[in-house]
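Structure data (PDB, C-alpha atoms) from model-v4.pdb:
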```pdb
ATOM      1  CA  MET A   1      39.555-156.274  63.435  1.00  0.00           C
ATOM      2  CA  THR A   2      37.684-155.704  60.200  1.00  0.00           C
ATOM      3  CA  LEU A   3      35.206-153.347  61.847  1.00  0.00           C
ATOM      4  CA  ALA A   4      37.953-151.498  63.738  1.00  0.00           C
ATOM      5  CA  LEU A   5      39.885-150.847  60.519  1.00  0.00           C
ATOM      6  CA  ILE A   6      36.795-149.552  58.701  1.00  0.00           C
ATOM      7  CA  THR A   7      35.728-147.447  61.678  1.00  0.00           C
ATOM      8  CA  ALA A   8      39.137-145.801  62.042  1.00  0.00           C
ATOM      9  CA  GLY A   9      39.407-145.199  58.308  1.00  0.00           C
ATOM     10  CA  GLY A  10      35.868-143.799  58.118  1.00  0.00           C
ATOM     11  CA  PHE A  11      36.508-141.382  60.992  1.00  0.00           C
ATOM     12  CA  LEU A  12      39.636-140.010  59.325  1.00  0.00           C
ATOM     13  CA  GLY A  13      38.127-140.004  55.822  1.00  0.00           C
ATOM     14  CA  ALA A  14      35.081-137.954  56.828  1.00  0.00           C
ATOM     15  CA  LEU A  15      37.304-135.439  58.631  1.00  0.00           C
ATOM     16  CA  GLY A  16      39.687-135.323  55.669  1.00  0.00           C
ATOM     17  CA  ARG A  17      36.754-134.403  53.422  1.00  0.00           C
ATOM     18  CA  TYR A  18      35.507-131.787  55.903  1.00  0.00           C
ATOM     19  CA  PHE A  19      38.903-130.103  56.119  1.00  0.00           C
ATOM     20  CA  ALA A  20      39.427-130.317  52.355  1.00  0.00           C
ATOM     21  CA  GLY A  21      36.086-128.520  52.068  1.00  0.00           C
ATOM     22  CA  ARG A  22      37.309-125.745  54.346  1.00  0.00           C
ATOM     23  CA  LEU A  23      40.654-125.517  52.570  1.00  0.00           C
ATOM     24  CA  PHE A  24      39.217-125.490  49.030  1.00  0.00           C
ATOM     25  CA  HIS A  25      36.059-123.569  49.772  1.00  0.00           C
ATOM     26  CA  GLY A  26      36.420-121.600  46.556  1.00  0.00           C
ATOM     27  CA  TRP A  27      34.766-122.392  43.288  1.00  0.00           C
ATOM     28  CA  LEU A  28      36.047-123.307  39.879  1.00  0.00           C
ATOM     29  CA  PRO A  29      34.959-121.008  37.028  1.00  0.00           C
ATOM     30  CA  GLY A  30      31.181-120.919  36.693  1.00  0.00           C
ATOM     31  CA  ASP A  31      30.491-121.811  40.327  1.00  0.00           C
ATOM     32  CA  ILE A  32      31.546-125.445  39.997  1.00  0.00           C
ATOM     33  CA  PRO A  33      32.212-126.730  43.533  1.00  0.00           C
ATOM     34  CA  MET A  34      35.937-127.375  43.700  1.00  0.00           C
ATOM     35  CA  ALA A  35      36.297-129.248  47.005  1.00  0.00           C
ATOM     36  CA  THR A  36      34.006-132.181  46.192  1.00  0.00           C
ATOM     37  CA  PHE A  37      35.520-132.456  42.720  1.00  0.00           C
ATOM     38  CA  LEU A  38      39.088-132.566  44.087  1.00  0.00           C
ATOM     39  CA  VAL A  39      38.228-134.991  46.879  1.00  0.00           C
ATOM     40  CA  ASN A  40      36.463-137.393  44.516  1.00  0.00           C
ATOM     41  CA  GLY A  41      39.222-137.181  41.905  1.00  0.00           C
ATOM     42  CA  THR A  42      42.099-137.843  44.299  1.00  0.00           C
ATOM     43  CA  GLY A  43      40.108-140.518  46.149  1.00  0.00           C
ATOM     44  CA  SER A  44      39.366-142.336  42.883  1.00  0.00           C
ATOM     45  CA  PHE A  45      43.051-142.256  41.931  1.00  0.00           C
ATOM     46  CA  LEU A  46      44.161-143.578  45.329  1.00  0.00           C
ATOM     47  CA  LEU A  47      41.562-146.372  45.430  1.00  0.00           C
ATOM     48  CA  GLY A  48      42.620-147.369  41.910  1.00  0.00           C
ATOM     49  CA  LEU A  49      46.212-147.388  43.129  1.00  0.00           C
ATOM     50  CA  ILE A  50      45.639-149.715  46.092  1.00  0.00           C
ATOM     51  CA  VAL A  51      43.493-152.021  43.935  1.00  0.00           C
ATOM     52  CA  GLY A  52      46.203-151.942  41.240  1.00  0.00           C
ATOM     53  CA  ILE A  53      49.004-152.920  43.624  1.00  0.00           C
ATOM     54  CA  SER A  54      46.767-155.704  45.025  1.00  0.00           C
ATOM     55  CA  ALA A  55      47.088-154.352  48.562  1.00  0.00           C
ATOM     56  CA  THR A  56      46.552-156.584  51.603  1.00  0.00           C
ATOM     57  CA  THR A  57      43.026-157.114  52.936  1.00  0.00           C
ATOM     58  CA  GLU A  58      43.813-154.972  55.981  1.00  0.00           C
ATOM     59  CA  LEU A  59      44.984-152.082  53.836  1.00  0.00           C
ATOM     60  CA  ILE A  60      41.928-152.361  51.566  1.00  0.00           C
ATOM     61  CA  LEU A  61      39.610-152.298  54.607  1.00  0.00           C
ATOM     62  CA  PHE A  62      41.321-149.368  56.322  1.00  0.00           C
ATOM     63  CA  LEU A  63      42.285-147.218  53.338  1.00  0.00           C
ATOM     64  CA  GLY A  64      39.765-148.419  50.750  1.00  0.00           C
ATOM     65  CA  THR A  65      36.463-149.170  52.490  1.00  0.00           C
ATOM     66  CA  GLY A  66      37.182-146.895  55.447  1.00  0.00           C
ATOM     67  CA  PHE A  67      39.238-143.855  54.561  1.00  0.00           C
ATOM     68  CA  LEU A  68      38.704-143.405  50.812  1.00  0.00           C
ATOM     69  CA  GLY A  69      35.124-144.660  50.982  1.00  0.00           C
ATOM     70  CA  ALA A  70      34.324-141.898  53.478  1.00  0.00           C
ATOM     71  CA  PHE A  71      36.690-139.296  51.991  1.00  0.00           C
ATOM     72  CA  THR A  72      34.925-139.471  48.633  1.00  0.00           C
ATOM     73  CA  THR A  73      31.194-138.870  48.492  1.00  0.00           C
ATOM     74  CA  PHE A  74      28.331-139.266  46.090  1.00  0.00           C
ATOM     75  CA  SER A  75      25.406-137.663  47.903  1.00  0.00           C
ATOM     76  CA  THR A  76      27.058-134.227  48.050  1.00  0.00           C
ATOM     77  CA  ILE A  77      27.657-134.184  44.274  1.00  0.00           C
ATOM     78  CA  ASN A  78      23.946-134.543  43.622  1.00  0.00           C
ATOM     79  CA  LEU A  79      22.914-132.025  46.265  1.00  0.00           C
ATOM     80  CA  GLU A  80      25.321-129.521  44.704  1.00  0.00           C
ATOM     81  CA  ILE A  81      23.939-130.244  41.219  1.00  0.00           C
ATOM     82  CA  VAL A  82      20.357-129.756  42.464  1.00  0.00           C
ATOM     83  CA  GLN A  83      21.373-126.468  44.111  1.00  0.00           C
ATOM     84  CA  LEU A  84      23.126-125.239  40.936  1.00  0.00           C
ATOM     85  CA  VAL A  85      20.046-126.076  38.865  1.00  0.00           C
ATOM     86  CA  ASP A  86      17.811-124.442  41.464  1.00  0.00           C
ATOM     87  CA  GLU A  87      19.833-121.239  41.035  1.00  0.00           C
ATOM     88  CA  GLY A  88      19.441-121.534  37.256  1.00  0.00           C
ATOM     89  CA  LYS A  89      23.157-122.243  36.744  1.00  0.00           C
ATOM     90  CA  TRP A  90      22.608-124.963  34.152  1.00  0.00           C
ATOM     91  CA  ALA A  91      25.964-124.621  32.400  1.00  0.00           C
ATOM     92  CA  SER A  92      27.807-124.996  35.705  1.00  0.00           C
ATOM     93  CA  ALA A  93      25.677-128.019  36.608  1.00  0.00           C
ATOM     94  CA  PHE A  94      26.500-129.745  33.311  1.00  0.00           C
ATOM     95  CA  GLY A  95      30.160-128.748  33.570  1.00  0.00           C
ATOM     96  CA  TYR A  96      30.317-130.129  37.099  1.00  0.00           C
ATOM     97  CA  ILE A  97      28.683-133.415  36.045  1.00  0.00           C
ATOM     98  CA  PHE A  98      31.114-133.807  33.155  1.00  0.00           C
ATOM     99  CA  LEU A  99      34.205-132.935  35.226  1.00  0.00           C
ATOM    100  CA  THR A 100      33.180-135.235  38.068  1.00  0.00           C
ATOM    101  CA  TYR A 101      32.416-138.327  36.020  1.00  0.00           C
ATOM    102  CA  ALA A 102      35.093-137.950  33.322  1.00  0.00           C
ATOM    103  CA  GLY A 103      37.695-136.863  35.880  1.00  0.00           C
ATOM    104  CA  GLY A 104      36.757-139.567  38.376  1.00  0.00           C
ATOM    105  CA  LEU A 105      36.885-142.352  35.822  1.00  0.00           C
ATOM    106  CA  LEU A 106      40.170-141.126  34.360  1.00  0.00           C
ATOM    107  CA  SER A 107      41.653-140.835  37.867  1.00  0.00           C
ATOM    108  CA  ALA A 108      40.586-144.388  38.732  1.00  0.00           C
ATOM    109  CA  PHE A 109      42.178-145.688  35.531  1.00  0.00           C
ATOM    110  CA  LEU A 110      45.422-143.801  36.108  1.00  0.00           C
ATOM    111  CA  GLY A 111      45.507-145.083  39.688  1.00  0.00           C
ATOM    112  CA  ILE A 112      45.053-148.701  38.590  1.00  0.00           C
ATOM    113  CA  LEU A 113      47.767-148.299  35.937  1.00  0.00           C
ATOM    114  CA  ALA A 114      50.120-146.676  38.438  1.00  0.00           C
ATOM    115  CA  GLY A 115      49.432-149.568  40.815  1.00  0.00           C
ATOM    116  CA  TYR A 116      50.257-152.142  38.139  1.00  0.00           C
ATOM    117  CA  THR A 117      53.484-150.301  37.374  1.00  0.00           C
ATOM    118  CA  LEU A 118      54.516-150.142  41.017  1.00  0.00           C
ATOM    119  CA  SER A 119      53.734-153.746  41.888  1.00  0.00           C
TER     120      SER A 119
ATOM    121  CA  MET B   1      32.184-130.226  68.352  1.00  0.00           C
ATOM    122  CA  ASN B   2      31.713-130.189  64.570  1.00  0.00           C
ATOM    123  CA  VAL B   3      34.886-132.181  64.109  1.00  0.00           C
ATOM    124  CA  LEU B   4      33.872-134.866  66.592  1.00  0.00           C
ATOM    125  CA  ALA B   5      30.346-135.136  65.192  1.00  0.00           C
ATOM    126  CA  ILE B   6      31.623-135.447  61.614  1.00  0.00           C
ATOM    127  CA  GLY B   7      34.204-138.047  62.650  1.00  0.00           C
ATOM    128  CA  ILE B   8      31.611-140.155  64.475  1.00  0.00           C
ATOM    129  CA  GLY B   9      29.221-139.749  61.539  1.00  0.00           C
ATOM    130  CA  GLY B  10      32.022-140.943  59.251  1.00  0.00           C
ATOM    131  CA  MET B  11      32.549-144.041  61.379  1.00  0.00           C
ATOM    132  CA  LEU B  12      28.851-144.937  61.331  1.00  0.00           C
ATOM    133  CA  GLY B  13      28.424-144.155  57.635  1.00  0.00           C
ATOM    134  CA  SER B  14      31.398-146.320  56.673  1.00  0.00           C
ATOM    135  CA  LEU B  15      30.178-149.234  58.799  1.00  0.00           C
ATOM    136  CA  LEU B  16      26.675-148.982  57.321  1.00  0.00           C
ATOM    137  CA  ARG B  17      28.166-148.962  53.815  1.00  0.00           C
ATOM    138  CA  PHE B  18      30.271-152.006  54.667  1.00  0.00           C
ATOM    139  CA  PHE B  19      27.257-153.941  55.978  1.00  0.00           C
ATOM    140  CA  ALA B  20      25.136-152.869  53.024  1.00  0.00           C
ATOM    141  CA  GLY B  21      27.932-154.159  50.796  1.00  0.00           C
ATOM    142  CA  LYS B  22      27.939-157.502  52.598  1.00  0.00           C
ATOM    143  CA  ALA B  23      24.158-157.783  52.409  1.00  0.00           C
ATOM    144  CA  THR B  24      24.197-157.103  48.663  1.00  0.00           C
ATOM    145  CA  ALA B  25      27.368-159.071  47.851  1.00  0.00           C
ATOM    146  CA  GLY B  26      26.915-160.831  44.533  1.00  0.00           C
ATOM    147  CA  TRP B  27      23.940-158.664  43.549  1.00  0.00           C
ATOM    148  CA  TRP B  28      24.246-157.359  40.038  1.00  0.00           C
ATOM    149  CA  LEU B  29      21.972-154.960  38.249  1.00  0.00           C
ATOM    150  CA  LEU B  30      22.164-154.842  34.441  1.00  0.00           C
ATOM    151  CA  GLY B  31      25.677-156.217  34.698  1.00  0.00           C
ATOM    152  CA  PHE B  32      27.044-153.773  37.270  1.00  0.00           C
ATOM    153  CA  PRO B  33      27.560-154.275  41.031  1.00  0.00           C
ATOM    154  CA  ALA B  34      24.409-153.222  42.901  1.00  0.00           C
ATOM    155  CA  GLY B  35      25.744-152.534  46.434  1.00  0.00           C
ATOM    156  CA  THR B  36      27.487-149.209  45.851  1.00  0.00           C
ATOM    157  CA  PHE B  37      24.651-148.154  43.561  1.00  0.00           C
ATOM    158  CA  PHE B  38      21.892-148.690  46.147  1.00  0.00           C
ATOM    159  CA  VAL B  39      23.891-146.997  48.877  1.00  0.00           C
ATOM    160  CA  ASN B  40      24.541-143.978  46.648  1.00  0.00           C
ATOM    161  CA  MET B  41      20.891-143.677  45.613  1.00  0.00           C
ATOM    162  CA  LEU B  42      19.578-143.904  49.181  1.00  0.00           C
ATOM    163  CA  GLY B  43      22.155-141.412  50.442  1.00  0.00           C
ATOM    164  CA  SER B  44      21.448-138.923  47.654  1.00  0.00           C
ATOM    165  CA  PHE B  45      17.755-138.939  48.514  1.00  0.00           C
ATOM    166  CA  MET B  46      18.385-138.608  52.250  1.00  0.00           C
ATOM    167  CA  LEU B  47      20.871-135.732  51.918  1.00  0.00           C
ATOM    168  CA  GLY B  48      18.519-133.839  49.601  1.00  0.00           C
ATOM    169  CA  TYR B  49      15.600-134.419  51.961  1.00  0.00           C
ATOM    170  CA  LEU B  50      17.389-133.444  55.175  1.00  0.00           C
ATOM    171  CA  THR B  51      19.094-130.396  53.651  1.00  0.00           C
ATOM    172  CA  ALA B  52      15.771-128.944  52.488  1.00  0.00           C
ATOM    173  CA  ARG B  53      14.038-129.864  55.722  1.00  0.00           C
ATOM    174  CA  TRP B  54      16.666-128.322  57.940  1.00  0.00           C
ATOM    175  CA  LYS B  55      16.800-125.239  55.745  1.00  0.00           C
ATOM    176  CA  LYS B  56      13.072-124.733  56.235  1.00  0.00           C
ATOM    177  CA  SER B  57      13.069-124.975  59.998  1.00  0.00           C
ATOM    178  CA  SER B  58      15.592-126.600  62.212  1.00  0.00           C
ATOM    179  CA  SER B  59      15.601-127.365  65.877  1.00  0.00           C
ATOM    180  CA  ILE B  60      18.545-129.709  65.267  1.00  0.00           C
ATOM    181  CA  PRO B  61      21.826-128.159  66.447  1.00  0.00           C
ATOM    182  CA  SER B  62      24.321-127.292  63.722  1.00  0.00           C
ATOM    183  CA  TYR B  63      26.947-129.811  64.862  1.00  0.00           C
ATOM    184  CA  LEU B  64      24.394-132.624  64.627  1.00  0.00           C
ATOM    185  CA  GLN B  65      23.357-131.509  61.139  1.00  0.00           C
ATOM    186  CA  LYS B  66      27.004-131.629  60.076  1.00  0.00           C
ATOM    187  CA  GLY B  67      27.519-134.973  61.808  1.00  0.00           C
ATOM    188  CA  ILE B  68      24.577-136.515  59.957  1.00  0.00           C
ATOM    189  CA  GLY B  69      24.915-134.707  56.606  1.00  0.00           C
ATOM    190  CA  THR B  70      28.652-134.297  56.060  1.00  0.00           C
ATOM    191  CA  GLY B  71      29.659-137.165  58.339  1.00  0.00           C
ATOM    192  CA  LEU B  72      27.186-140.013  58.186  1.00  0.00           C
ATOM    193  CA  ILE B  73      25.514-139.609  54.773  1.00  0.00           C
ATOM    194  CA  GLY B  74      28.642-138.161  53.139  1.00  0.00           C
ATOM    195  CA  SER B  75      30.621-141.230  54.208  1.00  0.00           C
ATOM    196  CA  PHE B  76      27.811-143.720  53.610  1.00  0.00           C
ATOM    197  CA  THR B  77      27.795-142.738  49.945  1.00  0.00           C
ATOM    198  CA  THR B  78      31.029-143.030  48.039  1.00  0.00           C
ATOM    199  CA  PHE B  79      32.484-142.058  44.709  1.00  0.00           C
ATOM    200  CA  SER B  80      35.830-143.887  44.699  1.00  0.00           C
ATOM    201  CA  ALA B  81      34.223-147.358  44.704  1.00  0.00           C
ATOM    202  CA  PHE B  82      31.898-146.264  41.916  1.00  0.00           C
ATOM    203  CA  SER B  83      34.713-145.019  39.679  1.00  0.00           C
ATOM    204  CA  VAL B  84      37.007-148.004  40.330  1.00  0.00           C
ATOM    205  CA  GLU B  85      34.149-150.472  39.755  1.00  0.00           C
ATOM    206  CA  THR B  86      33.379-148.715  36.459  1.00  0.00           C
ATOM    207  CA  ALA B  87      37.050-148.771  35.442  1.00  0.00           C
ATOM    208  CA  GLU B  88      37.157-152.512  36.190  1.00  0.00           C
ATOM    209  CA  LEU B  89      34.050-153.145  34.066  1.00  0.00           C
ATOM    210  CA  ILE B  90      35.698-151.274  31.171  1.00  0.00           C
ATOM    211  CA  GLN B  91      38.959-153.182  31.686  1.00  0.00           C
ATOM    212  CA  SER B  92      37.111-156.475  31.397  1.00  0.00           C
ATOM    213  CA  GLY B  93      35.509-155.286  28.168  1.00  0.00           C
ATOM    214  CA  ARG B  94      31.983-154.865  29.568  1.00  0.00           C
ATOM    215  CA  PHE B  95      31.386-151.474  28.013  1.00  0.00           C
ATOM    216  CA  GLY B  96      27.604-151.785  27.998  1.00  0.00           C
ATOM    217  CA  SER B  97      27.393-152.482  31.733  1.00  0.00           C
ATOM    218  CA  ALA B  98      29.932-149.739  32.459  1.00  0.00           C
ATOM    219  CA  SER B  99      27.903-147.206  30.463  1.00  0.00           C
ATOM    220  CA  LEU B 100      24.673-148.231  32.159  1.00  0.00           C
ATOM    221  CA  TYR B 101      26.305-148.016  35.583  1.00  0.00           C
ATOM    222  CA  VAL B 102      27.502-144.461  34.911  1.00  0.00           C
ATOM    223  CA  LEU B 103      24.293-143.242  33.289  1.00  0.00           C
ATOM    224  CA  ILE B 104      21.914-144.743  35.842  1.00  0.00           C
ATOM    225  CA  SER B 105      24.033-143.558  38.784  1.00  0.00           C
ATOM    226  CA  LEU B 106      24.303-140.079  37.282  1.00  0.00           C
ATOM    227  CA  ALA B 107      20.619-139.681  36.433  1.00  0.00           C
ATOM    228  CA  GLY B 108      19.327-141.607  39.458  1.00  0.00           C
ATOM    229  CA  GLY B 109      21.455-139.636  41.901  1.00  0.00           C
ATOM    230  CA  ILE B 110      20.228-136.297  40.595  1.00  0.00           C
ATOM    231  CA  ILE B 111      16.583-137.389  40.397  1.00  0.00           C
ATOM    232  CA  LEU B 112      16.610-138.812  43.922  1.00  0.00           C
ATOM    233  CA  ALA B 113      18.430-135.804  45.388  1.00  0.00           C
ATOM    234  CA  LEU B 114      15.892-133.531  43.677  1.00  0.00           C
ATOM    235  CA  ALA B 115      12.962-135.650  44.877  1.00  0.00           C
ATOM    236  CA  GLY B 116      14.331-135.622  48.427  1.00  0.00           C
ATOM    237  CA  TYR B 117      14.893-131.884  48.251  1.00  0.00           C
ATOM    238  CA  LYS B 118      11.346-131.195  47.042  1.00  0.00           C
ATOM    239  CA  ILE B 119       9.756-133.523  49.588  1.00  0.00           C
ATOM    240  CA  GLY B 120      11.915-132.042  52.356  1.00  0.00           C
ATOM    241  CA  ALA B 121      10.857-128.547  51.392  1.00  0.00           C
ATOM    242  CA  GLY B 122       7.244-129.709  51.579  1.00  0.00           C
ATOM    243  CA  PHE B 123       6.630-128.883  47.908  1.00  0.00           C
ATOM    244  CA  SER B 124       6.144-125.294  49.019  1.00  0.00           C
ATOM    245  CA  LYS B 125       9.525-123.827  48.281  1.00  0.00           C
ATOM    246  CA  ARG B 126       9.225-120.088  48.265  1.00  0.00           C
ATOM    247  CA  ARG B 127      10.131-118.645  44.903  1.00  0.00           C
ATOM    248  CA  VAL B 128       9.785-115.028  45.986  1.00  0.00           C
ATOM    249  CA  ALA B 129      13.512-114.443  46.026  1.00  0.00           C
ATOM    250  CA  ASN B 130      13.877-115.723  42.477  1.00  0.00           C
ATOM    251  CA  SER B 131      10.941-113.949  40.882  1.00  0.00           C
TER     252      SER B 131
END
```

File written out as C-alpha cells:
Amino acid sequence: MTLALITAGGFLGALGRYFAGRLFHGWLPGDIPMATFLVNGTGSFLLGLIVGISATTELILFLGTGFLGAFTTFSTINLEIVQLVDEGKWASAFGYIFLTYAGGLLSAFLGILAGYTLS
Amino acid sequence: MNVLAIGIGGMLGSLLRFFAGKATAGWWLLGFPAGTFFVNMLGSFMLGYLTARWKKSSSIPSYLQKGIGTGLIGSFTTFSAFSVETAELIQSGRFGSASLYVLISLAGGIILALAGYKIGAGFSKRRVANS
C-alpha cells in the first residue's frame, strides 16, 4: 500500500511539473526561470500545509512523499543556475537563487501556519 | 510518449527517494537530516552530467531523455521536503543547523551540477559561440 501510494503520487507529481513547465514556459524579469520557481514555491506551501494539519500517514505518503516530492525538484534549479552562469547572466542566477530559497522557506512556513490554523 | 515516459520516471524517482530516505533514516549531518540532502546532491550531479552529455551527442531518443531527466531525476530530487525540514529546524530553534542545511544544499547543489555538466561535456565545451 505504501509503495502504491508513493508510485501513484510520483507519477502525477512528475506530470504536474511537466505541464506546469509548458504552461509557465516564460521567464521572470532577467531570465529567471518561472516554472521551477512557481512549482517549488507552491509545493513547499502545500507540504507545509499537510505537515501542519498532521495529515494521516496515507495522505503524507501519497501527497507528500509521492506527489509533492516529485512535483517539486532540486536538480533542475541547479542545472538552470549553471546554465544562467554559463551564459554570463550572473545577476539572474543570484536573483533566482534568492527567490527560490527565500520564497521556498517562506512558503513552507506559511503552509505550516495555515495547517495549524485549519486543524 | 513524453507524458508516459515522464510519468514512469516520476514513479521510479519517487520510489528511489523513498528507499533512500528509509536507508538514511536517523542520519544527521551537522544537525540537519541527511537523506534529502544526499538525494538532492546526487540528482544535481546526474542531471548536470546527462544534460551536457546528451547535448554533445545523443543517440538516446528524446522521450527517454525527458523520462530520465524531467521524470526520474526531477522527481528523485525534491525541494518541498528540503524547505519544510528547514522550517521545522527553525521552529525548534536550531538556527545554526538550519543555516548550514540551506548553505550547504545551495552551494553543494550548484557545485555538483557544474561538476556534472563539465564532466558530461568532456571538459571540451566549445566556447566559439561565446567568444

Translate the PyMOL selection byres ((chain A and resi 44-61) around 7), as applied to the file shown, into an explicit residue set as a list in words.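 Applying the PyMOL selection byres ((chain A and resi 44-61) around 7) to the structure shown produces Thr2, Leu5, Ile6, Asn40, Gly41, Thr42, Gly43, Phe62, Leu63, Gly64, Thr65, Gly66, Leu68, Gly104, Ser107, Ala108, Phe109, Leu110, Gly111, Ile112, Leu113, Ala114, Gly115, Tyr116, Leu118 and Ser119 of chain A; Ser80, Ser83 and Val84 of chain B.
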
Using all atoms listed in the file, what does the table of chain B residues within 7 Å of chain A look like, with each row giving the shortest atom pair and its distance in Å to one decimal, sorted by chain and ascending number, as CSV?
```
residue,atom,partner,partner_atom,distance
B:Val3,CA,A:Leu15,CA,6.8
B:Ile6,CA,A:Ala14,CA,6.4
B:Gly7,CA,A:Phe11,CA,4.4
B:Ile8,CA,A:Phe11,CA,6.1
B:Gly10,CA,A:Phe11,CA,4.8
B:Met11,CA,A:Gly10,CA,4.7
B:Ser14,CA,A:Gly10,CA,5.3
B:Leu15,CA,A:Thr7,CA,6.5
B:Asn40,CA,A:Phe74,CA,6.1
B:Gly43,CA,A:Ser75,CA,5.6
B:Ser44,CA,A:Ser75,CA,4.2
B:Leu47,CA,A:Ser75,CA,6.4
B:Gly48,CA,A:Leu79,CA,5.8
B:Gly71,CA,A:Ala14,CA,5.7
B:Gly74,CA,A:Thr73,CA,5.3
B:Ser75,CA,A:Ala70,CA,3.8
B:Phe76,CA,A:Ala70,CA,6.8
B:Thr77,CA,A:Phe74,CA,5.2
B:Thr78,CA,A:Thr73,CA,4.2
B:Phe79,CA,A:Thr73,CA,5.1
B:Ser80,CA,A:Ser44,CA,4.3
B:Ala81,CA,A:Gly69,CA,6.9
B:Ser83,CA,A:Leu105,CA,5.2
B:Val84,CA,A:Ala108,CA,5.3
B:Ala87,CA,A:Phe109,CA,6.0
B:Gly109,CA,A:Asn78,CA,5.9
B:Ile110,CA,A:Asn78,CA,5.1
B:Ala113,CA,A:Asn78,CA,5.9
B:Leu114,CA,A:Val82,CA,6.0
```

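In this model, the gap between CA of Glu88 (chain B) and CA of Leu42 (chain B) comes to 23.5 Å.
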
Measuring atom to atom with all atoms listed in the file, identify which of B:Val102, B:Ile68, B:Leu29, B:Met46 is nearest to Gly9 (chain B).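 Smallest separation from Gly9 (chain B) among the options: B:Ile68.
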
Work out how far apart CA of Leu112 (chain B) and CA of Met41 (chain B) are and give it in Å to one decimal.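 The value is 6.7 Å.
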
Of the candidates B:Thr36, B:Gly69, B:Tyr101, B:Phe95, which shows the shortest atom-to-atom distance to Leu50 (chain B), using only C-alpha atoms?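 Closest residue, counting only C-alpha atoms: B:Gly69.
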
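The two atoms in question, CA of Ala35 (chain A) and CA of Leu23 (chain A), are spaced 8.0 Å apart.
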
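Between Lys89 (chain A) and the candidates A:Asp31, A:Thr117, A:Arg22, A:Phe37, the tightest atom-to-atom separation, counting all atoms listed in the file, involves A:Asp31.
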